[in-house]
$ cat start_21.txt   # compact mmCIF, C-alpha atoms
# COMPACT_ATOMS: atom_id res chain seq x y z
CA MET A 231 177.95 146.50 58.12
CA GLU A 232 178.69 143.11 59.63
CA GLN A 233 182.35 142.31 60.20
CA LYS A 234 183.87 140.24 57.39
CA LYS A 235 185.60 136.98 58.18
CA LEU A 236 188.72 135.33 56.76
CA ALA A 237 189.53 131.67 57.42
CA ILE A 238 192.95 130.30 56.50
CA ILE A 239 194.32 126.76 56.65
CA ALA A 240 198.13 126.83 56.92
CA THR A 241 199.66 123.49 55.94
CA LYS A 242 203.24 124.28 55.01
CA GLY A 243 206.27 124.63 57.26
CA SER A 244 208.96 126.27 55.14
CA LEU A 245 210.21 129.85 55.42
CA ASP A 246 208.79 130.97 52.07
CA TRP A 247 205.38 129.37 52.65
CA ALA A 248 205.17 130.84 56.14
CA TYR A 249 204.63 134.29 54.60
CA PRO A 250 201.25 134.05 52.82
CA PRO A 251 199.17 133.09 55.89
CA PHE A 252 200.70 135.73 58.18
CA ILE A 253 200.75 138.51 55.55
CA LEU A 254 197.14 137.93 54.56
CA ALA A 255 195.92 137.47 58.13
CA SER A 256 197.60 140.62 59.47
CA THR A 257 196.44 142.70 56.51
CA ALA A 258 192.87 141.42 56.73
CA ALA A 259 192.85 142.24 60.44
CA ALA A 260 194.02 145.78 59.61
CA LEU A 261 191.11 146.05 57.17
CA GLY A 262 188.69 145.08 59.91
CA TYR A 263 188.27 141.36 59.24
CA GLU A 264 187.87 138.79 61.98
CA VAL A 265 190.56 136.21 61.18
CA GLN A 266 191.31 132.64 62.18
CA ILE A 267 194.23 130.51 61.02
CA PHE A 268 193.98 126.76 61.38
CA PHE A 269 197.48 125.24 61.48
CA THR A 270 197.72 121.64 60.42
CA PHE A 271 200.45 119.17 59.50
CA TYR A 272 203.71 121.02 58.65
CA GLY A 273 201.99 124.36 59.22
CA LEU A 274 202.28 123.68 62.95
CA GLN A 275 205.99 124.54 62.68
CA LEU A 276 204.88 128.15 62.29
CA LEU A 277 203.60 128.18 65.87
CA LYS A 278 206.88 127.28 67.54
CA LYS A 279 208.44 129.85 69.87
CA ASP A 280 211.82 129.21 68.29
CA LEU A 281 211.26 129.20 64.57
CA ALA A 282 213.76 127.18 62.56
CA LEU A 283 212.13 127.65 59.16
CA GLU A 284 214.18 127.03 56.05
CA VAL A 285 213.80 127.27 52.30
CA THR A 286 214.82 124.58 49.86
CA PRO A 287 215.33 124.84 46.12
CA LEU A 288 214.82 121.06 45.87
CA GLY A 289 211.73 120.18 43.91
CA ASN A 290 211.13 123.88 43.35
CA PRO A 291 212.30 124.95 39.90
CA GLY A 292 210.56 128.30 40.41
CA MET A 293 212.93 129.50 43.09
CA PRO A 294 215.29 132.18 41.75
CA MET A 295 218.88 131.17 42.52
CA PRO A 296 221.45 133.85 43.32
CA MET A 297 224.65 134.17 41.26
CA GLY A 298 223.53 131.67 38.64
CA MET A 299 223.89 128.89 41.18
CA ASP A 300 221.39 126.72 39.37
CA LYS A 301 223.83 126.61 36.46
CA TRP A 302 226.79 125.51 38.58
CA PHE A 303 224.79 123.34 40.95
CA PRO A 304 222.23 121.33 39.04
CA VAL A 305 219.66 119.36 41.01
CA LEU A 306 222.08 116.86 42.58
CA GLY A 307 224.35 119.67 43.76
CA LEU A 308 221.45 121.11 45.74
CA THR A 309 221.45 118.00 47.93
CA LEU A 310 224.95 118.76 49.22
CA PRO A 311 225.15 119.12 53.01
CA GLY A 312 224.81 122.74 54.06
CA MET A 313 223.14 123.84 50.84
CA GLN A 314 219.71 124.29 52.45
CA GLY A 315 221.18 126.29 55.32
CA MET A 316 223.06 128.48 52.89
CA MET A 317 219.98 129.12 50.75
CA THR A 318 218.05 129.99 53.91
CA SER A 319 220.60 132.54 55.11
CA MET A 320 220.76 134.10 51.66
CA MET A 321 216.97 134.34 51.51
CA LYS A 322 216.79 135.90 54.99
CA ALA A 323 219.50 138.44 54.12
CA LYS A 324 217.64 139.39 50.95
CA MET A 325 214.35 139.79 52.80
CA LYS A 326 215.96 142.04 55.39
CA LYS A 327 217.56 144.17 52.68
CA LYS A 328 214.22 144.58 50.90
CA GLY A 329 212.35 145.61 54.03
CA VAL A 330 210.29 142.42 54.23
CA ALA A 331 209.18 141.69 57.77
CA SER A 332 210.40 138.61 59.61
CA ILE A 333 207.94 135.80 60.28
CA GLU A 334 208.31 136.46 64.01
CA ASP A 335 207.27 140.10 63.50
CA LEU A 336 204.31 139.29 61.25
CA ARG A 337 203.12 136.61 63.66
CA GLU A 338 203.30 139.05 66.54
CA LEU A 339 201.40 141.68 64.53
CA CYS A 340 198.71 139.06 63.88
CA GLN A 341 198.39 138.32 67.58
CA GLU A 342 198.26 142.04 68.44
CA ALA A 343 195.41 142.35 65.92
CA GLU A 344 193.59 139.46 67.62
CA VAL A 345 193.99 136.96 64.81
CA LYS A 346 193.05 133.62 66.34
CA PHE A 347 195.58 130.77 65.98
CA ILE A 348 194.18 127.25 66.11
CA ALA A 349 196.42 124.17 66.17
CA CYS A 350 195.14 120.91 64.73
CA GLN A 351 194.97 118.59 67.74
CA MET A 352 195.23 115.48 65.58
CA THR A 353 198.54 116.55 64.02
CA VAL A 354 199.92 117.58 67.40
CA ASP A 355 199.24 114.02 68.60
CA LEU A 356 200.41 112.42 65.36
CA PHE A 357 203.81 114.09 65.32
CA GLU A 358 204.05 114.10 69.12
CA LEU A 359 204.62 117.85 69.15
CA ASN A 360 205.04 119.52 72.52
CA PRO A 361 202.55 122.38 73.06
CA ALA A 362 205.06 123.91 75.49
CA GLU A 363 207.18 124.71 72.44
CA PHE A 364 204.36 126.74 70.90
CA ILE A 365 203.78 130.44 71.44
CA ASP A 366 201.11 131.50 73.95
CA GLY A 367 197.53 132.07 72.91
CA VAL A 368 197.15 129.02 70.66
CA GLU A 369 193.90 127.07 70.82
CA TYR A 370 193.58 123.37 70.03
CA ALA A 371 190.74 121.98 67.98
CA GLY A 372 189.70 119.75 65.10
CA ALA A 373 188.07 119.91 61.70
CA ALA A 374 184.55 120.50 63.00
CA ALA A 375 185.66 123.58 64.92
CA PHE A 376 187.31 124.93 61.77
CA PHE A 377 184.06 124.57 59.81
CA GLU A 378 182.13 126.44 62.47
CA PHE A 379 184.13 129.55 61.61
CA ALA A 380 184.96 128.79 57.95
CA GLY A 381 181.30 128.11 57.15
CA GLU A 382 180.48 131.69 58.05
CA SER A 383 183.59 133.21 56.45
CA ASP A 384 183.61 135.52 53.44
CA ILE A 385 187.01 134.28 52.28
CA CYS A 386 188.51 130.87 52.94
CA LEU A 387 192.06 130.02 51.86
CA TYR A 388 194.04 126.80 51.84
CA ILE A 389 197.76 127.54 51.93
CA MET B 120 200.35 169.15 50.73
CA ALA B 121 197.54 169.88 53.16
CA ALA B 122 198.03 170.04 56.91
CA PHE B 123 198.27 166.85 58.91
CA ASP B 124 198.26 165.84 62.58
CA GLN B 125 200.68 162.92 62.56
CA GLU B 126 203.37 161.58 60.30
CA LEU B 127 204.48 158.01 59.66
CA ASP B 128 207.66 157.28 57.73
CA ALA B 129 207.33 153.80 56.25
CA SER B 130 210.27 154.25 53.87
CA GLY B 131 212.15 151.04 53.14
CA LEU B 132 209.32 148.86 54.44
CA ASN B 133 207.66 146.33 52.20
CA CYS B 134 204.15 144.89 51.98
CA PRO B 135 202.21 144.61 54.25
CA LEU B 136 204.17 146.69 56.80
CA PRO B 137 203.23 150.20 55.56
CA ILE B 138 199.52 149.30 55.85
CA LEU B 139 199.93 147.63 59.25
CA ARG B 140 201.92 150.57 60.67
CA ALA B 141 199.39 153.03 59.27
CA LYS B 142 196.52 151.11 60.82
CA LYS B 143 198.30 151.06 64.19
CA THR B 144 198.97 154.79 64.06
CA LEU B 145 195.38 155.56 63.04
CA ASN B 146 194.17 153.55 66.04
CA SER B 147 195.87 156.04 68.33
CA MET B 148 194.37 159.06 66.54
CA ALA B 149 191.03 160.82 66.95
CA SER B 150 188.27 160.88 64.36
CA GLY B 151 188.82 163.64 61.79
CA GLN B 152 192.59 163.78 62.33
CA VAL B 153 194.87 163.41 59.34
CA LEU B 154 197.83 161.03 58.99
CA HIS B 155 200.66 161.68 56.53
CA ILE B 156 202.36 158.47 55.39
CA ILE B 157 205.63 158.33 53.48
CA ALA B 158 206.46 155.08 51.69
CA THR B 159 208.89 153.75 49.10
CA ASP B 160 207.01 150.53 48.23
CA PRO B 161 205.42 151.12 44.78
CA GLY B 162 202.67 148.63 45.72
CA SER B 163 201.57 150.97 48.49
CA VAL B 164 199.82 153.27 45.97
CA LYS B 165 197.11 150.74 45.17
CA ASP B 166 197.21 149.32 48.69
CA PHE B 167 196.41 152.61 50.47
CA ASP B 168 193.62 153.25 47.99
CA ALA B 169 192.17 149.82 48.79
CA PHE B 170 192.79 150.29 52.52
CA ALA B 171 190.84 153.55 52.52
CA LYS B 172 187.92 152.08 50.55
CA GLN B 173 187.61 149.10 52.85
CA THR B 174 188.06 150.84 56.19
CA GLY B 175 186.05 153.99 55.48
CA ASN B 176 189.01 156.26 56.23
CA GLU B 177 189.31 158.93 53.55
CA LEU B 178 192.37 158.98 51.27
CA MET B 179 192.63 162.76 50.79
CA GLU B 180 195.80 162.75 48.75
CA SER B 181 198.11 160.25 47.07
CA LYS B 182 201.16 161.42 45.15
CA GLU B 183 204.73 160.65 44.22
CA GLU B 184 207.39 163.19 45.03
CA GLY B 185 211.15 162.85 45.00
CA GLY B 186 211.01 159.11 44.48
CA LYS B 187 208.74 158.60 47.49
CA PHE B 188 205.02 158.08 47.83
CA HIS B 189 202.96 160.37 50.05
CA PHE B 190 199.49 159.68 51.37
CA LEU B 191 197.11 161.73 53.47
CA ILE B 192 194.47 159.70 55.27
CA LYS B 193 191.73 161.22 57.36
CA LYS B 194 190.48 158.99 60.15
CA SER B 195 186.75 158.29 59.90
$ encode --input "start_21.txt" --output "C-alpha cells"
Amino acid sequence: MEQKKLAIIATKGSLDWAYPPFILASTAAALGYEVQIFFTFYGLQLLKKDLALEVTPLGNPGMPMPMGMDKWFPVLGLTLPGMQGMMTSMMKAKMKKKGVASIEDLRELCQEAEVKFIACQMTVDLFELNPAEFIDGVEYAGAAAFFEFAGESDICLYI
Amino acid sequence: MAAFDQELDASGLNCPLPILRAKKTLNSMASGQVLHIIATDPGSVKDFDAFAKQTGNELMESKEEGGKFHFLIKKS
C-alpha cells in the first residue's frame, strides 16, 4: 500500500490554535502518513525557538472562563492589562494538570517523526521575521511548492 | 491478561500522547512481540482500535479494569 499523505496549512499563532496542527501531524506520522505543515502568516510564530504563545478570550465567546470570570469581567474587562497573560497561565496550568502535552513537546515529536516544516517565504519577508529565531530543520518555500505536495495528499487541512 | 514483552504506562497522559508513546515503543520492538499499554484517557479506547486498524498491528485485547484502560498490541 502506498504511503498516505497529509498536508496542513497552519495560519494561526495563538496557544490554543497551535495544538491542532501539531496534534494531527504527530498522530498522522505515528499512523504511517508522510506529513508536511506549511506555516504562513501568524502560523510562523509556531516555529520560533522561544515560543511566546498566548490565548485571548477577546472575540472568542466560546472560550470557557474559569471561576465565572465572564460574569464579573464582561468584554471590556477582558481588555485590562495583564488579563491575556493571566488567561494564558491559567490555560497552561490546566493543560499540564490534564496531561496535555506542551506545544514544544508536540513539535519535537513531529520532528522526530520526520514531519516536514515549511515556512512561507513571503510572510517571513513581509513581517521581517528572522530565520535565526526559528527552530532547525525548517524549509522555506512558496505556494507552488505547497501544491506540489498537497496535490498528491490524501488529506489537506487549513487550520 | 495474556503474556506481553513490554509494558508502557501512559496513565495521566492525554491525546495524542498515549498513541505517540505506543508507536515509539513499538518501533523498538521486534515483529510478533506484544506491548501492554495502560492508559487513563477514555478516548484511547477508540484511538487504539483505530491505530491498530491503520498500522496493521493487531489489537489483541482492549479492556477496562480498576478505572484504567488496558491494551495488548502485537507488532506486525
$ interface_residues --input "start_21.txt" --of "chain A" --to "chain B" --cutoff "7 Å" --atoms "all atoms listed in the file" --output "PDB file with C-alpha atoms, in the frame of the given file"
ATOM      1  CA  ILE A 253     200.750 138.510  55.550  1.00  0.00           C
ATOM      2  CA  THR A 257     196.440 142.700  56.510  1.00  0.00           C
ATOM      3  CA  ALA A 260     194.020 145.780  59.610  1.00  0.00           C
ATOM      4  CA  LEU A 261     191.110 146.050  57.170  1.00  0.00           C
ATOM      5  CA  GLY A 262     188.690 145.080  59.910  1.00  0.00           C
ATOM      6  CA  LYS A 328     214.220 144.580  50.900  1.00  0.00           C
ATOM      7  CA  GLY A 329     212.350 145.610  54.030  1.00  0.00           C
ATOM      8  CA  VAL A 330     210.290 142.420  54.230  1.00  0.00           C
TER       9      VAL A 330
END
$ atom_distance --input "start_21.txt" --atom1 "CA of Thr270 in chain A" --atom2 "CA of Glu342 in chain A"
21.9 Å
$ residues_around --input "start_21.txt" --residues "Tyr263 in chain A" --least-positions-apart "6" --cutoff "7 Å" --atoms "only C-alpha atoms" --output "mmCIF file with C-alpha atoms, in the coordinates of the input"
data_model
loop_
_atom_site.group_PDB
_atom_site.id
_atom_site.type_symbol
_atom_site.label_atom_id
_atom_site.label_comp_id
_atom_site.auth_asym_id
_atom_site.auth_seq_id
_atom_site.Cartn_x
_atom_site.Cartn_y
_atom_site.Cartn_z
ATOM 1 C CA GLN A 233 182.350 142.310 60.200
ATOM 2 C CA LYS A 234 183.870 140.240 57.390
ATOM 3 C CA LYS A 235 185.600 136.980 58.180
ATOM 4 C CA LEU A 236 188.720 135.330 56.760
#
$ closest_residue --input "start_21.txt" --among "B:Lys165, B:Lys182, B:Ile157, B:Ser150" --to "Lys194 in chain B" --atoms "only C-alpha atoms"
B:Ser150
$ atom_distance --input "start_21.txt" --atom1 "CA of Leu288 in chain A" --atom2 "CA of Lys326 in chain A"
23.1 Å
$ atom_distance --input "start_21.txt" --atom1 "CA of Gly243 in chain A" --atom2 "CA of Leu274 in chain A"
7.0 Å
$ axis_aligned_box --input "start_21.txt" --around "range 290-305 of chain A" --padding-each-side "4 Å" --output "AutoDock Vina command-line options"
--center_x 218.7 --center_y 126.8 --center_z 39.9 --size_x 24.2 --size_y 22.8 --size_z 14.9
$ residues_around --input "start_21.txt" --residues "Ser256 in chain A" --least-positions-apart "4" --cutoff "9 Å" --atoms "only C-alpha atoms" --output "list of chain:residue names"
A:Pro251, A:Phe252, A:Ala260, A:Leu261, A:Val265, A:Leu336, A:Arg337, A:Leu339, A:Cys340, A:Gln341, A:Ala343, A:Val345, B:Pro135, B:Leu139
$ residues_around --input "start_21.txt" --residues "Tyr272 in chain A" --least-positions-apart "5" --cutoff "10 Å" --atoms "all atoms listed in the file" --output "PyMOL selection string"
chain A and resi 240-244+353+357
$ residues_near_point --input "start_21.txt" --point "(221.8, 123.2, 39.8)" --cutoff "12 Å" --atoms "only C-alpha atoms" --output "number ranges by chain"
A: 287-291, 293-310, 313
$ write_last_selection --input "start_21.txt" --atoms "C-alpha atoms" --output "CSV table (one decimal), keeping the file's coordinate frame"
chain,number,residue,atom,x,y,z
A,287,PRO,CA,215.3,124.8,46.1
A,288,LEU,CA,214.8,121.1,45.9
A,289,GLY,CA,211.7,120.2,43.9
A,290,ASN,CA,211.1,123.9,43.4
A,291,PRO,CA,212.3,125.0,39.9
A,293,MET,CA,212.9,129.5,43.1
A,294,PRO,CA,215.3,132.2,41.8
A,295,MET,CA,218.9,131.2,42.5
A,296,PRO,CA,221.4,133.8,43.3
A,297,MET,CA,224.6,134.2,41.3
A,298,GLY,CA,223.5,131.7,38.6
A,299,MET,CA,223.9,128.9,41.2
A,300,ASP,CA,221.4,126.7,39.4
A,301,LYS,CA,223.8,126.6,36.5
A,302,TRP,CA,226.8,125.5,38.6
A,303,PHE,CA,224.8,123.3,41.0
A,304,PRO,CA,222.2,121.3,39.0
A,305,VAL,CA,219.7,119.4,41.0
A,306,LEU,CA,222.1,116.9,42.6
A,307,GLY,CA,224.4,119.7,43.8
A,308,LEU,CA,221.4,121.1,45.7
A,309,THR,CA,221.4,118.0,47.9
A,310,LEU,CA,225.0,118.8,49.2
A,313,MET,CA,223.1,123.8,50.8
$ closest_residue --input "start_21.txt" --among "B:Ser181, B:Ala122, B:Leu127, B:Gly162" --to "Thr144 in chain B" --atoms "only C-alpha atoms"
B:Leu127
$ residues_near_point --input "start_21.txt" --point "(200.5, 162.9, 55.7)" --cutoff "7 Å" --atoms "only C-alpha atoms" --output "VMD selection string"
chain B and resid 123 125 to 126 153 to 156 189 to 192
$ residues_around --input "start_21.txt" --residues "range 372-386 of chain A" --least-positions-apart "6" --cutoff "8 Å" --atoms "only C-alpha atoms" --output "ChimeraX atom specification"
/A:234-238,266,268,350-352
